[in-house]
>>> print(open('upload24.txt').read())   # compact mmCIF, C-alpha atoms
# COMPACT_ATOMS: atom_id res chain seq x y z
CA MET A 1 97.79 114.51 43.19
CA ASN A 2 101.29 113.48 42.15
CA GLU A 3 102.61 116.73 43.47
CA ILE A 4 101.05 116.09 46.82
CA ILE A 5 102.55 112.64 47.00
CA SER A 6 105.98 113.75 45.92
CA SER A 7 105.89 116.68 48.32
CA THR A 8 105.17 114.34 51.25
CA ILE A 9 108.05 112.12 50.22
CA ASN A 10 110.33 115.10 49.93
CA TYR A 11 109.26 116.24 53.35
CA ASN A 12 110.19 112.89 54.80
CA LYS A 13 113.52 112.92 53.05
CA THR A 14 114.26 116.37 54.44
CA GLY A 15 113.32 115.10 57.87
CA MET A 16 115.67 112.17 57.52
CA THR A 17 118.45 114.33 56.15
CA ASN A 18 118.01 116.66 59.11
CA ALA A 19 118.08 113.83 61.58
CA PHE A 20 121.25 112.51 60.06
CA GLY A 21 122.67 116.00 60.01
CA TRP A 22 122.15 116.50 63.74
CA PHE A 23 124.12 113.38 64.44
CA ASP A 24 126.71 114.25 61.83
CA ILE A 25 126.21 110.98 60.00
CA SER A 26 127.99 110.81 56.66
CA SER A 27 127.51 108.30 53.85
CA GLU A 28 130.80 106.72 54.94
CA ASP A 29 129.31 106.04 58.35
CA ARG A 30 126.34 104.45 56.71
CA ASP A 31 128.48 102.28 54.50
CA ARG A 32 130.59 101.11 57.44
CA VAL A 33 127.53 100.21 59.43
CA SER A 34 125.83 98.52 56.48
CA ALA A 35 128.92 96.36 56.12
CA LEU A 36 128.25 94.98 59.61
CA LYS A 37 125.01 93.41 58.45
CA THR A 38 126.33 89.85 58.18
CA LEU A 39 128.10 90.09 61.51
CA VAL A 40 124.96 91.28 63.27
CA GLU A 41 122.75 88.75 61.56
CA GLU A 42 125.03 85.92 62.62
CA ASN A 43 125.21 86.97 66.24
CA ILE A 44 121.93 88.69 67.03
CA ASN A 45 120.19 85.59 68.38
CA ASP A 46 123.05 84.81 70.74
CA ILE A 47 123.23 88.37 71.95
CA ILE A 48 119.56 88.60 72.73
CA ARG A 49 119.55 85.21 74.43
CA ASP A 50 122.55 86.19 76.55
CA PHE A 51 120.91 89.48 77.44
CA TYR A 52 117.94 87.67 78.94
CA ASP A 53 120.00 84.89 80.50
CA ARG A 54 122.51 87.16 82.20
CA SER A 55 122.58 86.28 85.86
CA GLY A 56 122.01 89.02 88.39
CA GLY A 57 122.63 91.87 86.01
CA PHE A 58 119.22 92.13 84.50
CA ASP A 59 116.23 90.25 85.74
CA HIS A 60 113.88 93.15 85.05
CA PRO A 61 112.21 91.77 81.92
CA THR A 62 111.33 88.39 83.36
CA ARG A 63 110.29 89.84 86.68
CA HIS A 64 107.87 92.40 85.29
CA MET A 65 106.62 90.55 82.26
CA ALA A 66 105.66 87.14 83.50
CA ASP A 67 103.84 86.21 80.33
CA ALA A 68 106.13 84.08 78.15
CA ASP A 69 104.38 85.11 74.93
CA HIS A 70 104.84 88.71 75.82
CA ILE A 71 108.58 88.27 76.36
CA ALA A 72 108.88 86.32 73.12
CA ARG A 73 107.21 89.18 71.27
CA ILE A 74 109.54 91.70 72.83
CA ARG A 75 112.58 89.61 71.95
CA GLU A 76 111.39 89.31 68.37
CA GLU A 77 110.89 93.06 68.20
CA GLN A 78 114.34 93.70 69.66
CA LYS A 79 115.91 91.48 67.03
CA ARG A 80 114.07 93.29 64.29
CA HIS A 81 115.06 96.60 65.80
CA PHE A 82 118.79 95.81 65.92
CA LEU A 83 118.79 94.39 62.41
CA GLU A 84 117.10 97.58 61.28
CA LEU A 85 120.06 99.53 62.66
CA VAL A 86 122.49 97.92 60.22
CA GLU A 87 120.07 98.33 57.34
CA THR A 88 120.48 102.07 57.24
CA GLY A 89 119.89 102.10 53.53
CA LEU A 90 117.10 104.41 54.59
CA SER A 91 113.97 103.44 52.82
CA GLU A 92 111.12 105.91 52.72
CA ASP A 93 109.42 104.27 55.66
CA TYR A 94 112.47 104.71 57.86
CA TYR A 95 110.55 107.16 60.04
CA GLU A 96 107.53 104.93 60.14
CA THR A 97 109.47 101.96 61.50
CA ARG A 98 111.02 104.20 64.12
CA ARG A 99 107.58 105.33 65.15
CA ASP A 100 106.39 101.73 65.24
CA ALA A 101 109.24 100.75 67.53
CA GLY A 102 108.48 103.64 69.87
CA THR A 103 104.79 102.79 69.90
CA PHE A 104 105.61 99.14 70.46
CA ASN A 105 107.72 100.05 73.48
CA GLU A 106 104.94 102.16 74.94
CA ARG A 107 102.26 99.52 74.41
CA SER A 108 104.33 96.59 75.67
CA GLY A 109 105.53 98.35 78.78
CA VAL A 110 109.15 98.44 77.63
CA SER A 111 110.55 101.29 79.70
CA PRO A 112 113.15 103.64 78.22
CA SER A 113 115.76 102.37 80.66
CA PHE A 114 115.09 98.76 79.69
CA TYR A 115 115.31 99.74 76.04
CA MET A 116 118.54 101.69 76.52
CA GLY A 117 120.00 98.90 78.63
CA ALA A 118 119.33 96.30 75.98
CA TYR A 119 120.71 98.65 73.38
CA SER A 120 123.94 99.34 75.20
CA TYR A 121 124.42 95.62 75.85
CA PHE A 122 123.96 94.97 72.15
CA LEU A 123 126.43 97.70 71.18
CA LYS A 124 128.99 96.41 73.65
CA ARG A 125 128.78 92.89 72.26
CA ILE A 126 128.94 94.00 68.64
CA SER A 127 131.88 96.33 69.36
CA THR A 128 133.76 93.47 71.01
CA LEU A 129 133.11 91.30 67.96
CA ILE A 130 134.29 94.03 65.61
CA ARG A 131 137.52 94.46 67.60
CA GLU A 132 138.13 90.72 67.68
CA GLN A 133 137.54 90.19 64.00
CA SER A 134 139.43 93.17 62.73
CA ASP A 135 143.18 93.12 61.95
CA ASP A 136 143.47 96.89 61.71
CA LYS A 137 142.74 98.40 65.13
CA ASP A 138 142.37 101.95 63.80
CA GLN A 139 139.81 100.84 61.30
CA ALA A 140 137.92 98.96 63.98
CA VAL A 141 137.73 102.15 66.06
CA GLU A 142 136.42 104.05 63.03
CA ILE A 143 133.72 101.43 62.48
CA ILE A 144 132.71 101.45 66.13
CA MET A 145 132.47 105.24 66.11
CA SER A 146 130.23 105.16 63.05
CA LEU A 147 128.11 102.51 64.69
CA GLN A 148 127.80 104.63 67.85
CA LYS A 149 126.69 107.67 65.85
CA ILE A 150 124.04 105.85 63.89
CA ALA A 151 122.92 104.01 67.00
CA SER A 152 122.48 107.31 68.87
CA CYS A 153 120.33 108.63 66.06
CA HIS A 154 118.38 105.39 66.00
CA LYS A 155 117.81 105.51 69.76
CA ALA A 156 116.92 109.19 69.77
CA LEU A 157 114.25 108.76 67.11
CA THR A 158 112.81 105.72 68.85
CA LEU A 159 112.65 107.48 72.20
CA GLU A 160 111.04 110.48 70.56
CA ALA A 161 108.43 108.17 69.07
CA PHE A 162 108.07 106.57 72.50
CA SER A 163 107.31 109.86 74.20
CA ASN A 164 104.86 110.80 71.44
CA ALA A 165 103.10 107.47 71.84
CA ARG A 166 102.98 108.00 75.60
CA GLU A 167 101.46 111.43 75.15
CA GLU A 168 98.85 110.03 72.80
CA ALA A 169 98.02 107.29 75.27
CA ILE A 170 97.58 109.83 78.08
CA GLU A 171 95.36 112.01 75.91
CA ALA A 172 93.28 108.99 74.96
CA ARG A 173 92.87 108.12 78.63
CA GLU A 174 91.82 111.66 79.46
CA ARG A 175 89.26 111.52 76.69
CA GLU A 176 87.91 108.26 78.09
CA MET A 177 87.66 109.82 81.54
CA SER A 178 85.66 112.74 80.25
CA GLU A 179 83.35 110.36 78.42
CA LEU A 180 82.47 108.44 81.56
CA PRO A 181 78.72 108.27 81.92
CA VAL A 182 76.87 110.18 84.62
CA PRO A 183 74.37 107.77 86.16
CA VAL A 184 71.38 109.04 88.10
CA LEU A 185 70.00 106.37 90.41
CA LYS A 186 66.64 106.21 92.11
CA MET A 187 67.10 105.32 95.77
CA ARG A 188 63.44 105.20 96.69
CA ASP A 189 60.31 107.08 95.72
CA GLY A 190 61.21 110.72 95.48
CA MET A 191 64.91 110.31 96.19
CA LEU A 192 67.76 110.25 93.68
CA LEU A 193 71.42 109.40 94.10
CA VAL A 194 73.93 110.95 91.72
CA PRO A 195 77.45 109.56 92.11
CA VAL A 196 79.99 111.66 90.25
CA VAL A 197 83.24 109.97 89.27
CA GLY A 198 86.25 111.31 87.44
CA THR A 199 86.96 114.82 86.28
CA LEU A 200 84.17 117.32 85.87
CA ASP A 201 85.08 119.33 82.80
CA SER A 202 82.59 121.75 81.30
CA HIS A 203 81.15 119.11 78.97
CA ARG A 204 80.52 116.58 81.75
CA ALA A 205 79.30 119.23 84.16
CA ARG A 206 76.64 120.21 81.65
CA LEU A 207 75.73 116.57 81.12
CA LEU A 208 75.43 116.10 84.88
CA THR A 209 73.08 119.08 85.20
CA THR A 210 70.78 118.02 82.39
CA ARG A 211 70.64 114.40 83.55
CA MET A 212 69.97 115.36 87.13
CA LEU A 213 67.28 117.95 86.38
CA ASP A 214 65.55 115.71 83.83
CA ALA A 215 65.60 112.83 86.31
CA ILE A 216 64.07 115.07 89.00
CA ARG A 217 61.18 115.77 86.66
CA ASP A 218 60.83 112.19 85.40
CA HIS A 219 60.92 110.56 88.85
CA SER A 220 59.14 113.40 90.70
CA ALA A 221 62.09 113.56 93.05
CA ARG A 222 62.00 115.81 96.07
CA ALA A 223 65.48 115.03 97.40
CA VAL A 224 68.77 114.45 95.61
CA VAL A 225 71.99 113.13 97.11
CA LEU A 226 74.97 114.28 95.08
CA ASP A 227 78.07 112.28 95.92
CA ILE A 228 81.44 113.62 94.79
CA THR A 229 83.74 111.11 96.51
CA GLY A 230 85.06 110.09 93.12
CA VAL A 231 85.90 113.59 91.96
CA ALA A 232 89.63 114.15 92.22
CA ALA A 233 89.74 117.93 92.10
CA VAL A 234 87.14 120.61 92.64
CA ASP A 235 88.10 124.04 91.39
CA SER A 236 86.01 127.19 91.50
CA ALA A 237 84.37 126.42 88.15
CA VAL A 238 83.27 122.97 89.28
CA ALA A 239 82.14 124.25 92.69
CA ASN A 240 80.18 127.00 91.02
CA HIS A 241 78.58 124.54 88.67
CA LEU A 242 77.59 122.25 91.54
CA ILE A 243 76.01 125.18 93.37
CA GLN A 244 74.13 126.21 90.23
CA THR A 245 72.89 122.68 89.66
CA MET A 246 71.69 122.40 93.23
CA THR A 247 69.97 125.78 93.03
CA ALA A 248 68.25 124.76 89.81
CA ALA A 249 67.12 121.55 91.53
CA ARG A 250 65.69 123.64 94.36
CA LEU A 251 63.80 125.81 91.86
CA MET A 252 62.25 122.62 90.55
CA GLY A 253 61.24 121.73 94.09
CA ALA A 254 63.94 119.18 94.96
CA ASN A 255 66.38 119.72 97.81
CA SER A 256 69.87 118.40 97.29
CA VAL A 257 72.53 117.21 99.68
CA LEU A 258 76.20 117.12 98.75
CA THR A 259 78.24 114.28 100.21
CA GLY A 260 81.71 112.89 99.84
CA ILE A 261 83.69 116.10 100.17
CA THR A 262 87.18 114.80 100.93
CA ALA A 263 89.56 116.68 103.19
CA ASP A 264 91.55 117.96 100.21
CA VAL A 265 88.47 119.12 98.37
CA ALA A 266 87.16 120.78 101.54
CA GLN A 267 90.39 122.71 101.90
CA SER A 268 90.44 123.86 98.31
CA LEU A 269 86.76 124.86 98.54
CA VAL A 270 87.48 127.01 101.59
CA LYS A 271 90.40 128.62 99.78
CA ILE A 272 88.21 129.67 96.87
CA GLY A 273 85.63 131.04 99.26
CA VAL A 274 82.82 128.49 98.94
CA THR A 275 80.88 128.15 102.18
CA GLY A 276 79.02 125.09 103.37
CA GLN A 277 75.67 126.80 103.30
CA ALA A 278 75.38 126.92 99.53
CA LEU A 279 76.30 123.27 99.12
CA ASN A 280 74.17 121.78 101.90
CA PRO A 281 76.85 119.21 102.74
CA ALA A 282 76.67 116.01 104.75
CA GLY A 283 79.63 114.11 106.18
CA ASP A 284 79.33 110.87 104.26
CA LEU A 285 76.92 109.12 101.98
CA GLN A 286 75.05 107.48 104.84
CA ARG A 287 74.39 110.73 106.63
CA GLY A 288 73.59 112.34 103.29
CA ILE A 289 70.88 109.77 102.68
CA GLU A 290 69.56 110.25 106.22
CA THR A 291 69.39 114.00 105.65
CA ALA A 292 67.64 113.46 102.33
CA GLU A 293 65.11 111.16 104.02
CA GLN A 294 64.38 113.87 106.56
CA LEU A 295 63.85 116.35 103.74
CA LEU A 296 61.52 113.88 102.10
CA ASP A 297 59.48 113.16 105.22
CA GLY A 298 59.65 116.59 106.82
CA MET B 1 44.49 141.16 73.05
CA THR B 2 45.61 140.10 76.46
CA ARG B 3 45.19 136.50 77.45
CA GLN B 4 44.13 136.10 81.01
CA VAL B 5 45.73 133.49 83.18
CA PRO B 6 42.96 131.30 84.61
CA ILE B 7 42.75 131.51 88.41
CA LEU B 8 40.90 128.62 90.01
CA ARG B 9 39.64 128.57 93.55
CA GLN B 10 39.23 125.47 95.64
CA LYS B 11 37.95 126.68 99.01
CA GLU B 12 40.93 128.47 100.57
CA LEU B 13 43.36 127.50 97.82
CA LEU B 14 43.99 129.59 94.73
CA ILE B 15 45.59 128.02 91.67
CA ALA B 16 46.89 130.16 88.83
CA SER B 17 47.91 128.04 85.89
CA VAL B 18 50.16 129.95 83.51
CA GLN B 19 49.53 128.48 80.08
CA GLU B 20 52.33 130.05 78.09
CA GLU B 21 55.03 132.64 78.14
CA LEU B 22 53.66 135.86 79.62
CA SER B 23 54.32 139.39 78.46
CA ASP B 24 55.10 142.01 81.07
CA SER B 25 51.58 143.42 81.01
CA GLU B 26 50.02 140.00 81.29
CA ILE B 27 52.04 139.14 84.35
CA LEU B 28 51.14 142.47 85.95
CA ASP B 29 47.50 141.66 85.21
CA LEU B 30 47.99 138.29 86.93
CA GLN B 31 49.43 140.09 89.95
CA THR B 32 46.44 142.44 90.22
CA ARG B 33 43.91 139.64 89.85
CA ILE B 34 45.52 137.34 92.41
CA LEU B 35 45.66 140.14 94.98
CA GLU B 36 42.08 141.20 94.29
CA GLU B 37 40.96 137.61 94.64
CA ILE B 38 42.73 137.28 98.01
CA ALA B 39 41.25 140.55 99.23
CA HIS B 40 37.84 139.40 98.10
CA LYS B 41 37.64 135.98 99.76
CA PRO B 42 39.56 134.35 102.61
CA THR B 43 42.54 132.51 101.15
CA LYS B 44 45.26 130.46 102.84
CA HIS B 45 47.33 129.14 99.96
CA VAL B 46 48.24 130.35 96.50
CA ILE B 47 49.93 128.21 93.89
CA VAL B 48 51.32 129.49 90.60
CA ASP B 49 51.85 126.63 88.15
CA VAL B 50 54.46 127.41 85.49
CA SER B 51 54.93 123.89 84.12
CA LEU B 52 53.92 124.95 80.61
CA VAL B 53 56.29 127.91 80.53
CA ASP B 54 59.61 127.48 78.80
CA VAL B 55 61.09 130.90 79.57
CA LEU B 56 60.97 132.86 82.79
CA ASP B 57 62.83 136.16 82.57
CA SER B 58 64.01 138.49 85.29
CA PHE B 59 60.91 140.66 85.17
CA GLY B 60 58.65 137.65 85.45
CA THR B 61 60.67 136.23 88.33
CA ARG B 62 60.73 139.55 90.18
CA THR B 63 56.99 140.01 89.75
CA LEU B 64 56.34 136.49 91.01
CA THR B 65 58.51 137.26 94.05
CA GLU B 66 56.51 140.45 94.60
CA ILE B 67 53.22 138.59 94.32
CA ALA B 68 54.52 136.09 96.91
CA SER B 69 55.50 138.89 99.31
CA ALA B 70 52.14 140.62 98.86
CA VAL B 71 50.31 137.32 99.41
CA GLU B 72 52.26 136.84 102.61
CA LEU B 73 51.25 140.29 103.79
CA ARG B 74 47.66 139.17 103.41
CA GLY B 75 48.44 136.27 105.71
CA ALA B 76 48.54 133.58 103.01
CA ARG B 77 51.41 131.51 101.56
CA MET B 78 52.40 131.17 97.95
CA ALA B 79 54.43 128.53 96.11
CA ILE B 80 55.64 128.27 92.54
CA VAL B 81 55.37 124.81 91.05
CA GLY B 82 56.47 123.06 87.88
CA ILE B 83 59.62 124.94 86.93
CA GLN B 84 61.09 122.88 84.05
CA PRO B 85 64.73 121.75 84.00
CA GLU B 86 65.75 124.11 81.19
CA VAL B 87 63.94 127.01 82.81
CA ALA B 88 65.54 126.25 86.18
CA MET B 89 69.04 126.18 84.72
CA SER B 90 68.62 129.36 82.73
CA MET B 91 67.16 131.12 85.77
CA VAL B 92 70.19 130.09 87.82
CA LEU B 93 72.51 131.31 85.09
CA LEU B 94 70.68 134.65 85.17
CA GLY B 95 71.11 134.74 88.95
CA LEU B 96 67.40 134.41 89.64
CA THR B 97 67.33 132.02 92.55
CA LEU B 98 63.92 132.76 94.10
CA GLU B 99 65.34 132.59 97.62
CA THR B 100 62.13 133.70 99.32
CA VAL B 101 59.51 131.73 97.43
CA PRO B 102 59.02 128.01 98.08
CA THR B 103 59.07 125.86 94.94
CA ALA B 104 57.78 122.38 94.25
CA LEU B 105 57.78 119.89 91.43
CA ASP B 106 54.06 119.74 90.70
CA LEU B 107 50.67 120.79 92.01
CA ASP B 108 50.42 117.90 94.49
CA ASP B 109 53.84 118.58 95.95
CA GLY B 110 53.10 122.30 96.08
CA ILE B 111 49.87 121.79 98.03
CA ALA B 112 51.59 119.36 100.41
CA LEU B 113 54.44 121.85 100.89
CA LEU B 114 52.12 124.73 101.76
CA LYS B 115 49.99 122.61 104.10
CA ARG B 116 53.14 121.42 105.89
CA ALA B 117 54.38 124.96 106.29
CA SER B 118 51.19 126.33 107.80
>>> encode(input="upload24.txt", output="structure tokens")
Amino acid sequence: MNEIISSTINYNKTGMTNAFGWFDISSEDRDRVSALKTLVEENINDIIRDFYDRSGGFDHPTRHMADADHIARIREEQKRHFLELVETGLSEDYYETRRDAGTFNERSGVSPSFYMGAYSYFLKRISTLIREQSDDKDQAVEIIMSLQKIASCHKALTLEAFSNAREEAIEAREREMSELPVPVLKMRDGMLLVPVVGTLDSHRARLLTTRMLDAIRDHSARAVVLDITGVAAVDSAVANHLIQTMTAARLMGANSVLTGITADVAQSLVKIGVTGQALNPAGDLQRGIETAEQLLDG
Amino acid sequence: MTRQVPILRQKELLIASVQEELSDSEILDLQTRILEEIAHKPTKHVIVDVSLVDVLDSFGTRTLTEIASAVELRGARMAIVGIQPEVAMSMVLLGLTLETVPTALDLDDGIALLKRAS
């Protein structure tokens, strides 16, 4: 157990060493930046306030984030983030905090350009302060260069975490989409309406088929209107599956009508060689229901 | 021992109710008996009820199609009723789409379908 724990810590340390290696950050750089801690702590509140109060230059945050609480949270996080920069003592959870900052940005709608803008404003202000307070100009330049290096590393890791968090969010959304339910509605005796929304992956396509066929049996349906207005893309697999489902419905004694084929979908269906005959299409939902009623009565 | 599929007659309507999965010989026996029955007495409609069957293979489907064609040659109409959801889907996946034989959900629908058609 101890070995496992120590090996994870080692792994993190190697990761940090690597990250610092890429940016060519030496222990001298770290010392110089750590020495700025008091300076940053004294001025951080002013800097952040000025950043938000700047006239003309940057009204983005207040324009897009009307909620005052939200802005306050972002300001708090920015303060923490900049203070973190000068505390490059590198604790074990250095990576974790970077990831948190990236995730925070993603969740709070802080765009990379907003983040970078705030960062560069902060660096400019701190650099000016360093120059003003230093007697030795050469030394001041050295300090600023160290600060720039560590700041680049800091930014890079945060942005990396940001893009990871964004990817995760997109994946989560895709998962949600594929878990959307497939409702089967009874329109009237013997007629079902199946609206399909979202993406039809293999899992959902199967779910759709089972639901629809079971509902045909349970409701003794003789006509089914399948509406695919809400389906963004229909590829050959999806088209094939729809045809199979409709054929299976016919075997059970229910005729189906497909409605809501958008112009784009129609074009892509023609390209993959699906003809109208197999899908029994109707122009829109209303005509689809009329057709289904004729099937029912005829 | 071969189990015979019961064939019921109600005036000019024949109903064959398949009780369970049929072997090849049993389905051929069903074919012979339906055709004999039609030859024997005037018949307008034939219904094969498969609602208790949970597998319908290609041989079974082909034979049912043949029975339907033969029935039509005798001037009658045949429908298959009660194909279950799972059976329907596996038939489609096997490419057995029964293009020529009318299908219906249950006995009532099947009778209505055949009466409408004639």
>>> atom_distance(input="upload24.txt", atom1="atom CA of A:Ile130", atom2="atom CA of A:Asn45")
16.7 Å
>>> closest_residue(input="upload24.txt", among="B:Ser17, B:Gln84, B:Ser118, B:Ser90", to="B:Thr103", atoms="only C-alpha atoms")
B:Gln84
>>> interface_residues(input="upload24.txt", of="chain A", to="chain B", cutoff="10 Å", atoms="all atoms listed in the file", output="PyMOL selection string")
chain A and resi 209-217+220-222+241+243-255+298
>>> closest_residue(input="upload24.txt", among="A:Ile150, A:Leu200, A:Ile144, A:Leu157", to="A:Glu174", atoms="all atoms listed in the file")
A:Leu200
>>> atom_distance(input="upload24.txt", atom1="atom CA of A:Ala140", atom2="atom CA of A:Glu160")
30.0 Å
>>> residues_near_point(input="upload24.txt", point="(84.9, 127.4, 99.1)", cutoff="12 Å", atoms="all atoms listed in the file", output="PDB file with C-alpha atoms, in the frame of the given file")
ATOM      1  CA  VAL A 234      87.140 120.610  92.640  1.00  0.00           C
ATOM      2  CA  ASP A 235      88.100 124.040  91.390  1.00  0.00           C
ATOM      3  CA  SER A 236      86.010 127.190  91.500  1.00  0.00           C
ATOM      4  CA  ALA A 237      84.370 126.420  88.150  1.00  0.00           C
ATOM      5  CA  VAL A 238      83.270 122.970  89.280  1.00  0.00           C
ATOM      6  CA  ALA A 239      82.140 124.250  92.690  1.00  0.00           C
ATOM      7  CA  ASN A 240      80.180 127.000  91.020  1.00  0.00           C
ATOM      8  CA  LEU A 242      77.590 122.250  91.540  1.00  0.00           C
ATOM      9  CA  ILE A 243      76.010 125.180  93.370  1.00  0.00           C
ATOM     10  CA  ILE A 261      83.690 116.100 100.170  1.00  0.00           C
ATOM     11  CA  ASP A 264      91.550 117.960 100.210  1.00  0.00           C
ATOM     12  CA  VAL A 265      88.470 119.120  98.370  1.00  0.00           C
ATOM     13  CA  ALA A 266      87.160 120.780 101.540  1.00  0.00           C
ATOM     14  CA  GLN A 267      90.390 122.710 101.900  1.00  0.00           C
ATOM     15  CA  SER A 268      90.440 123.860  98.310  1.00  0.00           C
ATOM     16  CA  LEU A 269      86.760 124.860  98.540  1.00  0.00           C
ATOM     17  CA  VAL A 270      87.480 127.010 101.590  1.00  0.00           C
ATOM     18  CA  LYS A 271      90.400 128.620  99.780  1.00  0.00           C
ATOM     19  CA  ILE A 272      88.210 129.670  96.870  1.00  0.00           C
ATOM     20  CA  GLY A 273      85.630 131.040  99.260  1.00  0.00           C
ATOM     21  CA  VAL A 274      82.820 128.490  98.940  1.00  0.00           C
ATOM     22  CA  THR A 275      80.880 128.150 102.180  1.00  0.00           C
ATOM     23  CA  GLY A 276      79.020 125.090 103.370  1.00  0.00           C
ATOM     24  CA  GLN A 277      75.670 126.800 103.300  1.00  0.00           C
ATOM     25  CA  ALA A 278      75.380 126.920  99.530  1.00  0.00           C
ATOM     26  CA  LEU A 279      76.300 123.270  99.120  1.00  0.00           C
TER      27      LEU A 279
END
>>> residues_near_point(input="upload24.txt", point="(78.7, 114.7, 106.5)", cutoff="12 Å", atoms="all atoms listed in the file", output="PyMOL selection string")
chain A and resi 225+227+229+257-263+266+276+279-292
>>> atom_distance(input="upload24.txt", atom1="atom CA of A:Met116", atom2="atom CA of A:Ser34")
21.6 Å
>>> residues_around(input="upload24.txt", residues="A:Glu293", least_positions_apart="4", cutoff="8 Å", atoms="all atoms listed in the file", output="NGL selection string")
:A and (191 or 223 or 289 or 297)
>>> write_last_selection(input="upload24.txt", atoms="C-alpha atoms", output="PDB file, in the frame of the given file")
ATOM      1  CA  MET A 191      64.910 110.310  96.190  1.00  0.00           C
ATOM      2  CA  ALA A 223      65.480 115.030  97.400  1.00  0.00           C
ATOM      3  CA  ILE A 289      70.880 109.770 102.680  1.00  0.00           C
ATOM      4  CA  ASP A 297      59.480 113.160 105.220  1.00  0.00           C
TER       5      ASP A 297
END
